[in-house]
file run_33.txt (compact mmCIF, C-alpha atoms and all ligand atoms)
# COMPACT_ATOMS: atom_id res chain seq x y z
CA MET A 105 17.12 -13.87 -14.92
CA ALA A 106 17.13 -12.35 -11.44
CA LYS A 107 20.50 -12.01 -9.86
CA THR A 108 20.38 -14.37 -6.89
CA SER A 109 23.09 -12.39 -5.10
CA MET A 110 20.73 -9.39 -4.77
CA ARG A 111 19.43 -8.89 -1.25
CA TYR A 112 16.84 -6.53 0.11
CA LYS A 113 18.04 -4.95 3.34
CA GLY A 114 15.41 -2.26 3.90
CA SER A 115 15.90 1.41 3.05
CA ASN A 116 16.45 4.64 4.95
CA ASP A 117 12.85 5.74 4.86
CA TYR A 118 11.21 2.35 5.38
CA ILE A 119 11.40 0.18 8.48
CA ALA A 120 11.19 -3.48 7.51
CA SER A 121 11.17 -6.31 10.05
CA ASP A 122 13.64 -9.19 9.61
CA GLU A 123 10.73 -11.47 8.68
CA LEU A 124 9.58 -9.08 5.97
CA MET A 125 13.11 -8.75 4.55
CA ASN A 126 13.36 -12.56 4.54
CA SER A 127 10.08 -12.91 2.67
CA VAL A 128 11.22 -10.40 0.04
CA ASN A 129 14.54 -12.20 -0.41
CA ILE A 130 12.92 -15.62 -0.62
CA ALA A 131 10.43 -14.39 -3.22
CA MET A 132 13.30 -12.92 -5.26
CA ALA A 133 15.35 -16.11 -5.00
CA LEU A 134 12.41 -18.32 -6.00
CA GLN A 135 11.35 -15.79 -8.67
CA LYS A 136 7.77 -15.77 -7.45
CA PRO A 137 5.41 -12.86 -6.81
CA LEU A 138 5.30 -11.68 -3.19
CA LEU A 139 1.74 -11.24 -1.93
CA ILE A 140 1.54 -8.73 0.92
CA LYS A 141 -1.47 -8.43 3.19
CA GLY A 142 -1.98 -6.35 6.30
CA GLU A 143 -4.19 -3.69 7.88
CA PRO A 144 -4.52 -0.40 6.01
CA GLY A 145 -1.54 1.87 6.51
CA THR A 146 0.94 -0.84 7.48
CA GLY A 147 3.30 0.03 4.64
CA LYS A 148 2.24 -2.49 1.97
CA THR A 149 2.41 -0.05 -0.93
CA MET A 150 5.52 1.65 0.35
CA LEU A 151 7.36 -1.66 0.58
CA ALA A 152 7.56 -1.84 -3.21
CA GLN A 153 9.13 1.63 -3.35
CA SER A 154 11.58 0.63 -0.64
CA ILE A 155 12.60 -2.52 -2.56
CA ALA A 156 13.07 -0.51 -5.75
CA ASP A 157 15.14 2.12 -3.91
CA SER A 158 17.28 -0.39 -2.10
CA LEU A 159 18.03 -2.40 -5.26
CA GLY A 160 18.42 0.68 -7.46
CA MET A 161 15.59 -0.37 -9.79
CA ASP A 162 12.70 1.49 -11.35
CA LEU A 163 9.25 0.93 -9.86
CA LEU A 164 6.21 0.39 -12.07
CA ILE A 165 2.86 0.70 -10.30
CA TRP A 166 -0.32 -0.92 -11.56
CA ASN A 167 -3.17 0.44 -9.44
CA ILE A 168 -6.08 -1.97 -9.53
CA LYS A 169 -9.66 -0.65 -9.55
CA SER A 170 -12.96 -2.54 -9.44
CA THR A 171 -13.20 -2.19 -13.22
CA THR A 172 -9.60 -3.20 -14.07
CA LYS A 173 -9.23 -6.17 -16.42
CA ALA A 174 -6.15 -8.39 -16.60
CA GLN A 175 -5.80 -7.70 -20.33
CA GLU A 176 -5.14 -3.99 -19.64
CA GLY A 177 -1.93 -4.96 -17.84
CA LEU A 178 -0.64 -6.70 -20.97
CA TYR A 179 -1.64 -4.40 -23.83
CA VAL A 180 -4.55 -2.45 -25.27
CA TYR A 181 -5.31 -2.27 -28.99
CA ASP A 182 -6.60 1.22 -29.70
CA THR A 183 -9.10 0.41 -32.44
CA VAL A 184 -10.92 3.72 -32.04
CA GLN A 185 -7.77 5.71 -32.86
CA ARG A 186 -7.07 3.45 -35.84
CA LEU A 187 -10.58 3.96 -37.17
CA TYR A 188 -10.24 7.71 -36.66
CA ASP A 189 -6.89 7.77 -38.48
CA SER A 190 -8.29 5.71 -41.35
CA GLN A 191 -10.97 8.35 -41.89
CA PHE A 192 -9.24 11.63 -41.03
CA GLY A 193 -5.52 11.02 -40.51
CA ASP A 194 -2.54 10.64 -42.78
CA HIS A 195 -1.06 7.72 -40.81
CA ASP A 196 -0.35 4.35 -42.36
CA VAL A 197 -3.12 2.47 -40.57
CA ALA A 198 -1.84 -0.85 -41.89
CA ASN A 199 0.94 -0.66 -39.29
CA ILE A 200 -1.01 -2.00 -36.32
CA ASN A 201 2.01 -1.78 -34.03
CA GLN A 202 1.44 1.92 -33.50
CA TYR A 203 -2.00 1.19 -32.01
CA ILE A 204 -0.77 -1.38 -29.51
CA LYS A 205 -0.19 0.24 -26.10
CA LEU A 206 1.57 -1.87 -23.54
CA GLY A 207 0.11 -2.07 -20.03
CA LYS A 208 2.20 -2.15 -16.84
CA LEU A 209 3.03 -5.85 -17.17
CA GLY A 210 3.98 -5.31 -20.80
CA GLU A 211 6.18 -2.35 -19.80
CA ALA A 212 7.83 -4.41 -17.07
CA PHE A 213 8.56 -7.23 -19.54
CA THR A 214 10.06 -4.95 -22.17
CA ALA A 215 12.13 -2.78 -19.80
CA GLU A 216 15.84 -2.90 -20.59
CA LYS A 217 16.76 -3.24 -16.93
CA GLN A 218 15.03 -5.37 -14.32
CA VAL A 219 12.23 -3.45 -12.56
CA VAL A 220 10.01 -3.84 -9.50
CA LEU A 221 6.36 -4.21 -10.53
CA LEU A 222 3.74 -3.35 -7.91
CA ILE A 223 0.24 -4.70 -8.50
CA ASP A 224 -1.49 -2.62 -5.86
CA GLU A 225 -4.76 -3.70 -4.21
CA ILE A 226 -5.42 -6.76 -6.35
CA ASP A 227 -8.52 -7.61 -4.28
CA LYS A 228 -10.30 -4.53 -5.69
CA ALA A 229 -10.83 -6.30 -9.03
CA ASP A 230 -13.23 -9.16 -9.71
CA LEU A 231 -12.39 -12.75 -8.82
CA GLU A 232 -11.35 -13.67 -12.36
CA PHE A 233 -8.64 -11.02 -12.41
CA PRO A 234 -5.91 -12.94 -10.51
CA ASN A 235 -6.72 -16.16 -12.39
CA ASP A 236 -6.44 -14.34 -15.71
CA LEU A 237 -2.86 -13.37 -14.88
CA LEU A 238 -1.61 -16.79 -13.76
CA TRP A 239 0.04 -17.75 -17.02
CA GLU A 240 1.66 -14.39 -17.65
CA LEU A 241 3.07 -14.11 -14.11
CA ASP A 242 4.36 -17.70 -14.23
CA GLN A 243 5.82 -17.69 -17.72
CA MET A 244 6.52 -13.96 -18.00
CA THR A 245 5.33 -13.94 -21.59
CA PHE A 246 2.23 -13.12 -23.63
CA TYR A 247 1.15 -13.17 -27.26
CA ILE A 248 -0.34 -10.26 -29.22
CA PRO A 249 -2.52 -11.85 -31.95
CA GLU A 250 -3.07 -8.53 -33.76
CA THR A 251 0.65 -8.19 -34.54
CA LYS A 252 1.53 -11.89 -34.22
CA GLU A 253 4.19 -10.89 -31.71
CA THR A 254 5.23 -12.59 -28.50
CA VAL A 255 6.36 -10.34 -25.68
CA THR A 256 8.75 -12.12 -23.32
CA ALA A 257 10.37 -10.57 -20.25
CA LYS A 258 13.93 -9.50 -20.96
CA GLN A 259 14.49 -9.59 -17.21
CA ARG A 260 11.98 -11.19 -14.87
CA PRO A 261 10.48 -8.30 -12.88
CA ILE A 262 10.28 -8.49 -9.09
CA VAL A 263 6.52 -8.64 -8.57
CA ILE A 264 4.93 -7.31 -5.38
CA ILE A 265 1.17 -7.73 -5.01
CA THR A 266 -0.82 -6.09 -2.21
CA SER A 267 -4.25 -6.96 -0.90
CA ASN A 268 -6.44 -5.58 1.85
CA ALA A 269 -8.28 -8.89 1.97
CA GLU A 270 -11.55 -7.35 0.79
CA LYS A 271 -12.01 -10.58 -1.16
CA GLU A 272 -10.38 -13.97 -0.85
CA LEU A 273 -7.97 -14.71 -3.68
CA PRO A 274 -8.28 -17.93 -5.71
CA ASP A 275 -6.28 -20.95 -4.49
CA ALA A 276 -4.53 -21.41 -7.83
CA PHE A 277 -3.23 -17.86 -7.56
CA LEU A 278 -2.17 -18.18 -3.92
CA ARG A 279 -0.26 -21.35 -4.74
CA ARG A 280 2.03 -19.41 -7.07
CA CYS A 281 2.87 -16.62 -4.61
CA ILE A 282 5.02 -16.22 -1.53
CA PHE A 283 2.79 -14.76 1.17
CA HIS A 284 3.63 -12.27 3.91
CA TYR A 285 1.31 -10.66 6.42
CA ILE A 286 2.63 -7.35 7.79
CA ALA A 287 1.68 -7.44 11.46
CA PHE A 288 0.62 -4.17 13.05
CA PRO A 289 3.82 -2.62 14.46
CA ASP A 290 4.45 -2.95 18.18
CA ALA A 291 5.61 0.11 20.13
CA ASP A 292 9.31 -0.42 19.35
CA ALA A 293 8.76 -0.79 15.63
CA MET A 294 6.30 2.11 15.64
CA GLU A 295 8.83 4.39 17.30
CA LYS A 296 11.33 3.62 14.53
CA ILE A 297 8.69 4.29 11.86
CA LEU A 298 7.72 7.58 13.49
CA ARG A 299 11.38 8.63 13.70
CA VAL A 300 11.62 8.23 9.92
CA HIS A 301 8.77 10.69 9.44
CA HIS A 302 9.45 13.01 12.40
CA PRO A 303 13.20 12.84 13.07
CA ASN A 304 13.29 15.87 15.38
CA LEU A 305 10.20 15.22 17.42
CA GLU A 306 10.40 15.68 21.20
CA LYS A 307 10.62 12.19 22.75
CA LYS A 308 8.00 12.92 25.42
CA LEU A 309 5.45 14.08 22.86
CA MET A 310 6.03 10.97 20.78
CA GLU A 311 5.69 8.65 23.76
CA GLN A 312 2.52 10.31 25.01
CA ALA A 313 1.01 10.34 21.52
CA MET A 314 1.82 6.65 21.08
CA GLU A 315 0.24 5.82 24.42
CA THR A 316 -2.99 7.58 23.44
CA PHE A 317 -2.88 5.99 19.99
CA TYR A 318 -2.56 2.40 21.29
CA THR A 319 -5.23 3.08 23.94
CA LEU A 320 -7.59 4.24 21.18
CA ARG A 321 -6.83 1.16 19.08
CA ASN A 322 -7.65 -1.04 22.04
CA VAL A 323 -11.07 0.50 22.72
CA PRO A 324 -13.44 -2.43 22.10
CA HIS A 325 -15.74 -2.29 19.05
CA ILE A 326 -13.91 0.51 17.22
CA GLN A 327 -14.78 -0.18 13.56
CA LYS A 328 -11.94 1.67 11.89
CA LYS A 329 -8.91 1.56 14.11
CA PRO A 330 -6.48 4.40 13.48
CA SER A 331 -3.49 3.25 11.40
CA THR A 332 0.19 4.10 11.24
CA SER A 333 -0.41 6.74 8.60
CA GLU A 334 -3.04 8.38 10.80
CA LEU A 335 -0.63 8.44 13.74
CA ILE A 336 1.98 10.08 11.49
CA ASP A 337 -0.58 12.71 10.48
CA TRP A 338 -1.72 13.20 14.06
CA LEU A 339 1.84 13.88 15.24
CA GLN A 340 2.14 16.46 12.50
CA ALA A 341 -1.10 18.08 13.68
CA LEU A 342 0.15 18.10 17.28
CA VAL A 343 3.38 19.79 16.23
CA VAL A 344 1.62 22.36 14.05
CA GLY A 345 -0.92 22.99 16.83
CA GLY A 346 1.85 23.45 19.42
CA ILE A 347 0.29 20.82 21.68
CA SER A 348 2.32 19.83 24.76
CA PRO A 349 2.72 16.21 25.91
CA ASN A 350 0.87 17.03 29.16
CA ARG A 351 -2.13 18.28 27.29
CA ILE A 352 -2.52 14.94 25.50
CA LYS A 353 -2.86 13.32 28.92
CA GLN A 354 -6.07 15.28 29.49
CA GLU A 355 -7.64 15.48 26.07
CA ILE A 356 -7.30 14.21 22.52
CA PRO A 357 -6.83 17.22 20.27
CA PHE A 358 -7.57 16.82 16.55
CA LEU A 359 -9.39 13.55 17.21
CA GLY A 360 -10.78 13.69 13.68
CA VAL A 361 -7.30 12.88 12.37
CA LEU A 362 -7.43 9.54 14.19
CA LEU A 363 -11.08 8.48 14.16
CA LYS A 364 -13.04 8.93 10.94
CA LYS A 365 -16.43 7.43 11.77
CA ASN A 366 -19.20 8.93 13.89
CA GLU A 367 -19.92 5.50 15.32
CA ASP A 368 -16.35 5.24 16.54
CA LEU A 369 -16.52 8.64 18.23
CA ASP A 370 -19.65 7.41 20.04
CA THR A 371 -17.98 4.13 20.97
CA LEU A 372 -15.02 6.05 22.40
CA LEU A 373 -17.34 8.34 24.34
CA ASN A 374 -19.26 5.43 25.83
CA SER A 375 -16.10 3.61 26.73
CA LEU A 376 -14.59 6.64 28.48
CA HIS A 377 -17.82 7.49 30.30
CA GLY A 378 -17.95 3.96 31.56
CA LYS A 379 -14.51 4.34 33.07
CA THR A 380 -14.64 7.95 34.27
CA GLN A 381 -18.12 8.50 35.68
CA ALA A 382 -16.96 11.61 37.53
CA LYS A 383 -16.01 13.68 34.45
CA PRO A 384 -18.40 12.99 31.60
CA GLN A 385 -17.61 16.30 29.88
CA THR A 386 -17.38 16.17 26.10
CA VAL A 387 -16.33 18.98 23.84
CA TYR A 388 -16.64 18.77 20.08
CA THR A 389 -15.34 21.74 18.21
CA SER A 390 -17.36 22.91 15.24
CA THR A 391 -14.52 22.07 12.86
CA SER A 392 -14.04 18.66 11.35
CA LEU A 393 -11.09 18.19 13.67
CA ASN A 394 -13.12 17.16 16.69
CA ARG A 395 -11.54 16.84 20.05
CA TYR A 396 -12.58 15.03 23.09
CA ARG A 397 -11.95 16.09 26.66
CA TYR A 398 -11.87 13.63 29.50
N1 LIG B 1 7.44 0.33 7.96
C1 LIG B 1 7.26 1.62 7.63
N2 LIG B 1 8.31 2.46 7.52
C2 LIG B 1 8.13 3.76 7.19
N3 LIG B 1 6.92 4.33 6.96
C3 LIG B 1 5.84 3.53 7.05
C4 LIG B 1 5.94 2.15 7.39
N4 LIG B 1 4.69 1.61 7.41
C5 LIG B 1 3.85 2.61 7.10
N5 LIG B 1 4.52 3.77 6.88
C6 LIG B 1 3.95 5.05 6.49
O1 LIG B 1 2.55 4.93 6.60
C7 LIG B 1 1.89 5.47 5.45
C8 LIG B 1 1.02 4.41 4.82
O2 LIG B 1 1.82 3.46 4.15
P1 LIG B 1 1.27 2.66 2.89
O3 LIG B 1 0.48 3.57 2.03
O4 LIG B 1 2.41 1.95 2.28
O5 LIG B 1 0.28 1.64 3.62
P2 LIG B 1 -0.66 0.55 2.96
O6 LIG B 1 -0.47 -0.67 3.79
O7 LIG B 1 -0.39 0.44 1.51
O8 LIG B 1 -2.09 1.17 3.22
P3 LIG B 1 -3.47 0.91 2.41
O9 LIG B 1 -3.90 -0.49 2.77
O10 LIG B 1 -4.38 1.94 2.95
O11 LIG B 1 -3.16 1.07 0.96
C9 LIG B 1 2.97 5.98 4.52
O12 LIG B 1 3.03 7.37 4.69
C10 LIG B 1 4.23 5.35 5.01
O13 LIG B 1 5.26 6.27 4.88
MG MG B 2 -1.56 0.77 -0.16

call {"tool": "encode", "arguments": {"input": "run_33.txt", "output": "structure tokens", "more": "lines below"}}
Ligand SMILES: Nc1ncnc2c1ncn2[C@@H]1O[C@H](COP(=O)(O)OP(=O)(O)OP(=O)(O)O)[C@@H](O)[C@H]1O
Ligand SMILES: [Mg+2]
result
Amino acid sequence: MAKTSMRYKGSNDYIASDELMNSVNIAMALQKPLLIKGEPGTGKTMLAQSIADSLGMDLLIWNIKSTTKAQEGLYVYDTVQRLYDSQFGDHDVANINQYIKLGKLGEAFTAEKQVVLLIDEIDKADLEFPNDLLWELDQMTFYIPETKETVTAKQRPIVIITSNAEKELPDAFLRRCIFHYIAFPDADAMEKILRVHHPNLEKKLMEQAMETFYTLRNVPHIQKKPSTSELIDWLQALVVGGISPNRIKQEIPFLGVLLKKNEDLDTLLNSLHGKTQAKPQTVYTSTSLNRYRY
């Protein structure tokens, strides 16, 4: 059973809003999975690490791919190895237990101490995937017919599920989760996040970089808006490149760190030309780290 006195209060390297901390604590108190959605790079995956750190628990990560099946999270019966051993090995192949390999859910259930289980990017799998896990996530138990064993959670894991909303999730699944949408950080929250990653950064450089970043995000029709993680990388590039805050007022160095699509570079160009008819001078360097002068 989860200890109801446990509270998530954020961690040193992760900035969590009060609303997000509340959602985590409510999900823990109600013993339900917490479904996290939000734009790429808004800290969905890192939240699970932060919860594990702050509660002193181990984190188990189940990375979902388009081919992942729910069964793999419970256990896999390695029939190929058993067949191989029956022909060439000296194992006792009658002991099927040795060919049962627990998946991440199985590991979380059998862990001695309560763990945080991250099911990352659940929307990558097919639509049946979440439905196939309903029973196990509700009841925290599953049966292995091959060994006639029932695996039941010793301690109910804290389950965090992330989704980029590539696909809608089934209603029956949503009904069983607590939902939280991580809003894109405003300037205040972003400054705190950046301070975690760049504690010694010159304030003026950070402010100027943030101004350029939010301006870029607000350019209409940008398909892939730069995310928090791209801003973090960009600041690193600016520091390594020895770029001064004043220079960012006139050009965007290392633009390729922020914008990753040709179409978006064109959109930016058109938008800036529209505004600054007098100086339509573009400079792309030959490296992948384009820059744009205005
Ligand atoms: N609130 C935050 N506090 C500290 N760092 C953050 C925060 N949000 C994002 N970051 C940083 O941004 C980067 C991206 O975070 P993360 O991978 O968790 O995002 P994500 O939402 O899972 O992205 P994706 O949808 O692409 O998987 C990480 O390097 C993380 O350190
Ligand atoms: Mg992620």

call {"tool": "residues_around", "arguments": {"input": "run_33.txt", "residues": "A:Asp236", "least_positions_apart": "6", "cutoff": "12 Å", "atoms": "only C-alpha atoms", "output": "PyMOL selection string"}}
result
chain A and resi 172-178+229-230+242+246+274+276-277

call {"tool": "atom_distance", "arguments": {"input": "run_33.txt", "atom1": "atom C3 of ligand LIG 1 (chain B)", "atom2": "atom CA of A:Gly145"}}
result
7.6 Å

call {"tool": "residues_near_ligand", "arguments": {"input": "run_33.txt", "ligand": "ligand MG 2 (chain B)", "cutoff": "7 Å", "atoms": "all atoms listed in the file", "output": "PyMOL selection string"}}
result
chain A and resi 144-145+147-149+224-225

call {"tool": "atom_distance", "arguments": {"input": "run_33.txt", "atom1": "atom O12 of ligand LIG 1 (chain B)", "atom2": "atom CA of A:Ile297"}}
result
9.6 Å

call {"tool": "closest_residue", "arguments": {"input": "run_33.txt", "among": "A:Ser375, A:Ser267, A:Thr214, A:Asn322", "to": "ligand LIG 1 (chain B)", "atoms": "all atoms listed in the file"}}
result
A:Ser267

call {"tool": "atom_distance", "arguments": {"input": "run_33.txt", "atom1": "atom CA of A:Ile155", "atom2": "atom O10 of ligand LIG 1 (chain B)"}}
result
18.4 Å

call {"tool": "residues_around", "arguments": {"input": "run_33.txt", "residues": "A:Tyr179", "least_positions_apart": "4", "cutoff": "9 Å", "atoms": "all atoms listed in the file", "output": "list of chain:residue names"}}
result
A:Gln175, A:Ile204, A:Lys205, A:Leu206, A:Gly207, A:Lys208, A:Leu209, A:Gly210, A:Ile248

call {"tool": "residues_near_ligand", "arguments": {"input": "run_33.txt", "ligand": "ligand LIG 1 (chain B)", "cutoff": "9 Å", "atoms": "only C-alpha atoms and all ligand atoms", "output": "ChimeraX atom specification"}}
result
/A:115-121,140-154,224-225,266-268,286,289,293-294,296-301,331-337

call {"tool": "closest_residue", "arguments": {"input": "run_33.txt", "among": "A:Ile282, A:Met132, A:Ala287, A:Ala341", "to": "A:Leu159", "atoms": "all atoms listed in the file"}}
result
A:Met132

call {"tool": "residues_around", "arguments": {"input": "run_33.txt", "residues": "A:Gln312", "least_positions_apart": "4", "cutoff": "8 Å", "atoms": "all atoms listed in the file", "output": "ChimeraX atom specification"}}
result
/A:308,316,349,352-353

call {"tool": "closest_residue", "arguments": {"input": "run_33.txt", "among": "A:Val344, A:Lys217, A:Phe283, A:Ala198", "to": "A:Pro261", "atoms": "all atoms listed in the file"}}
result
A:Lys217

call {"tool": "residues_near_point", "arguments": {"input": "run_33.txt", "point": "(1.5, -2.4, -12.4)", "cutoff": "9 Å", "atoms": "all atoms listed in the file", "output": "PyMOL selection string"}}
result
chain A and resi 163-168+177+207-209+211-212+221-224+263

call {"tool": "residues_near_point", "arguments": {"input": "run_33.txt", "point": "(16.5, -10.5, -19.8)", "cutoff": "10 Å", "atoms": "all atoms listed in the file", "output": "NGL selection string"}}
result
:A and (105-106 or 213-218 or 256-261)

call {"tool": "residues_around", "arguments": {"input": "run_33.txt", "residues": "stretch 367-369 of chain A", "least_positions_apart": "2", "cutoff": "8 Å", "atoms": "only C-alpha atoms", "output": "list in words"}}
result
His325, Ile326, Gln327, Lys328, Leu363, Lys364, Lys365, Thr371, Leu372 and Leu373 of chain A

call {"tool": "closest_residue", "arguments": {"input": "run_33.txt", "among": "A:Tyr203, A:Glu232, A:Cys281, A:Trp338", "to": "A:Tyr188", "atoms": "only C-alpha atoms"}}
result
A:Tyr203

call {"tool": "closest_residue", "arguments": {"input": "run_33.txt", "among": "A:Asp292, A:Asp162, A:Glu315, A:Asp370", "to": "A:Ile262", "atoms": "only C-alpha atoms"}}
result
A:Asp162

call {"tool": "residues_around", "arguments": {"input": "run_33.txt", "residues": "A:Asp275", "least_positions_apart": "3", "cutoff": "12 Å", "atoms": "all atoms listed in the file", "output": "PyMOL selection string"}}
result
chain A and resi 231-232+234-235+238+272+278-281

call {"tool": "closest_residue", "arguments": {"input": "run_33.txt", "among": "A:Val361, A:Leu342, A:Lys136, A:Val184", "to": "A:Met244", "atoms": "all atoms listed in the file"}}
result
A:Lys136

call {"tool": "build_atoms", "arguments": {"input": "run_33.txt", "residues": "stretch 259-274 of chain A", "atoms": "N, CA and C atoms", "output": "PDB file, in the coordinates of the input"}}
result
ATOM      1  N   GLN A 259      14.053  -9.276 -18.580  1.00  0.00           N
ATOM      2  CA  GLN A 259      14.490  -9.590 -17.210  1.00  0.00           C
ATOM      3  C   GLN A 259      13.214  -9.832 -16.433  1.00  0.00           C
ATOM      4  N   ARG A 260      13.160 -10.888 -15.667  1.00  0.00           N
ATOM      5  CA  ARG A 260      11.980 -11.190 -14.870  1.00  0.00           C
ATOM      6  C   ARG A 260      11.763 -10.098 -13.825  1.00  0.00           C
ATOM      7  N   PRO A 261      10.656  -9.350 -13.895  1.00  0.00           N
ATOM      8  CA  PRO A 261      10.480  -8.300 -12.880  1.00  0.00           C
ATOM      9  C   PRO A 261      10.266  -8.888 -11.487  1.00  0.00           C
ATOM     10  N   ILE A 262      10.602  -8.097 -10.470  1.00  0.00           N
ATOM     11  CA  ILE A 262      10.280  -8.490  -9.090  1.00  0.00           C
ATOM     12  C   ILE A 262       8.845  -8.027  -8.849  1.00  0.00           C
ATOM     13  N   VAL A 263       7.952  -8.981  -8.629  1.00  0.00           N
ATOM     14  CA  VAL A 263       6.520  -8.640  -8.570  1.00  0.00           C
ATOM     15  C   VAL A 263       6.038  -8.608  -7.120  1.00  0.00           C
ATOM     16  N   ILE A 264       5.506  -7.460  -6.720  1.00  0.00           N
ATOM     17  CA  ILE A 264       4.930  -7.310  -5.380  1.00  0.00           C
ATOM     18  C   ILE A 264       3.430  -7.070  -5.567  1.00  0.00           C
ATOM     19  N   ILE A 265       2.627  -7.839  -4.871  1.00  0.00           N
ATOM     20  CA  ILE A 265       1.170  -7.730  -5.010  1.00  0.00           C
ATOM     21  C   ILE A 265       0.601  -7.416  -3.626  1.00  0.00           C
ATOM     22  N   THR A 266      -0.237  -6.382  -3.527  1.00  0.00           N
ATOM     23  CA  THR A 266      -0.820  -6.090  -2.210  1.00  0.00           C
ATOM     24  C   THR A 266      -2.313  -6.372  -2.222  1.00  0.00           C
ATOM     25  N   SER A 267      -2.817  -6.697  -1.038  1.00  0.00           N
ATOM     26  CA  SER A 267      -4.250  -6.960  -0.900  1.00  0.00           C
ATOM     27  C   SER A 267      -4.702  -6.532   0.483  1.00  0.00           C
ATOM     28  N   ASN A 268      -5.874  -5.927   0.546  1.00  0.00           N
ATOM     29  CA  ASN A 268      -6.440  -5.580   1.850  1.00  0.00           C
ATOM     30  C   ASN A 268      -7.425  -6.634   2.306  1.00  0.00           C
ATOM     31  N   ALA A 269      -7.420  -7.763   1.618  1.00  0.00           N
ATOM     32  CA  ALA A 269      -8.280  -8.890   1.970  1.00  0.00           C
ATOM     33  C   ALA A 269      -9.761  -8.536   1.902  1.00  0.00           C
ATOM     34  N   GLU A 270     -10.122  -7.631   0.974  1.00  0.00           N
ATOM     35  CA  GLU A 270     -11.550  -7.350   0.790  1.00  0.00           C
ATOM     36  C   GLU A 270     -12.235  -8.592   0.240  1.00  0.00           C
ATOM     37  N   LYS A 271     -11.490  -9.318  -0.620  1.00  0.00           N
ATOM     38  CA  LYS A 271     -12.010 -10.580  -1.160  1.00  0.00           C
ATOM     39  C   LYS A 271     -10.933 -11.628  -1.009  1.00  0.00           C
ATOM     40  N   GLU A 272     -11.360 -12.884  -0.877  1.00  0.00           N
ATOM     41  CA  GLU A 272     -10.380 -13.970  -0.850  1.00  0.00           C
ATOM     42  C   GLU A 272      -9.829 -14.153  -2.263  1.00  0.00           C
ATOM     43  N   LEU A 273      -8.558 -14.491  -2.366  1.00  0.00           N
ATOM     44  CA  LEU A 273      -7.970 -14.710  -3.680  1.00  0.00           C
ATOM     45  C   LEU A 273      -8.040 -16.193  -4.024  1.00  0.00           C
ATOM     46  N   PRO A 274      -8.126 -16.521  -5.321  1.00  0.00           N
ATOM     47  CA  PRO A 274      -8.280 -17.930  -5.710  1.00  0.00           C
ATOM     48  C   PRO A 274      -7.064 -18.774  -5.287  1.00  0.00           C
TER      49      PRO A 274
END
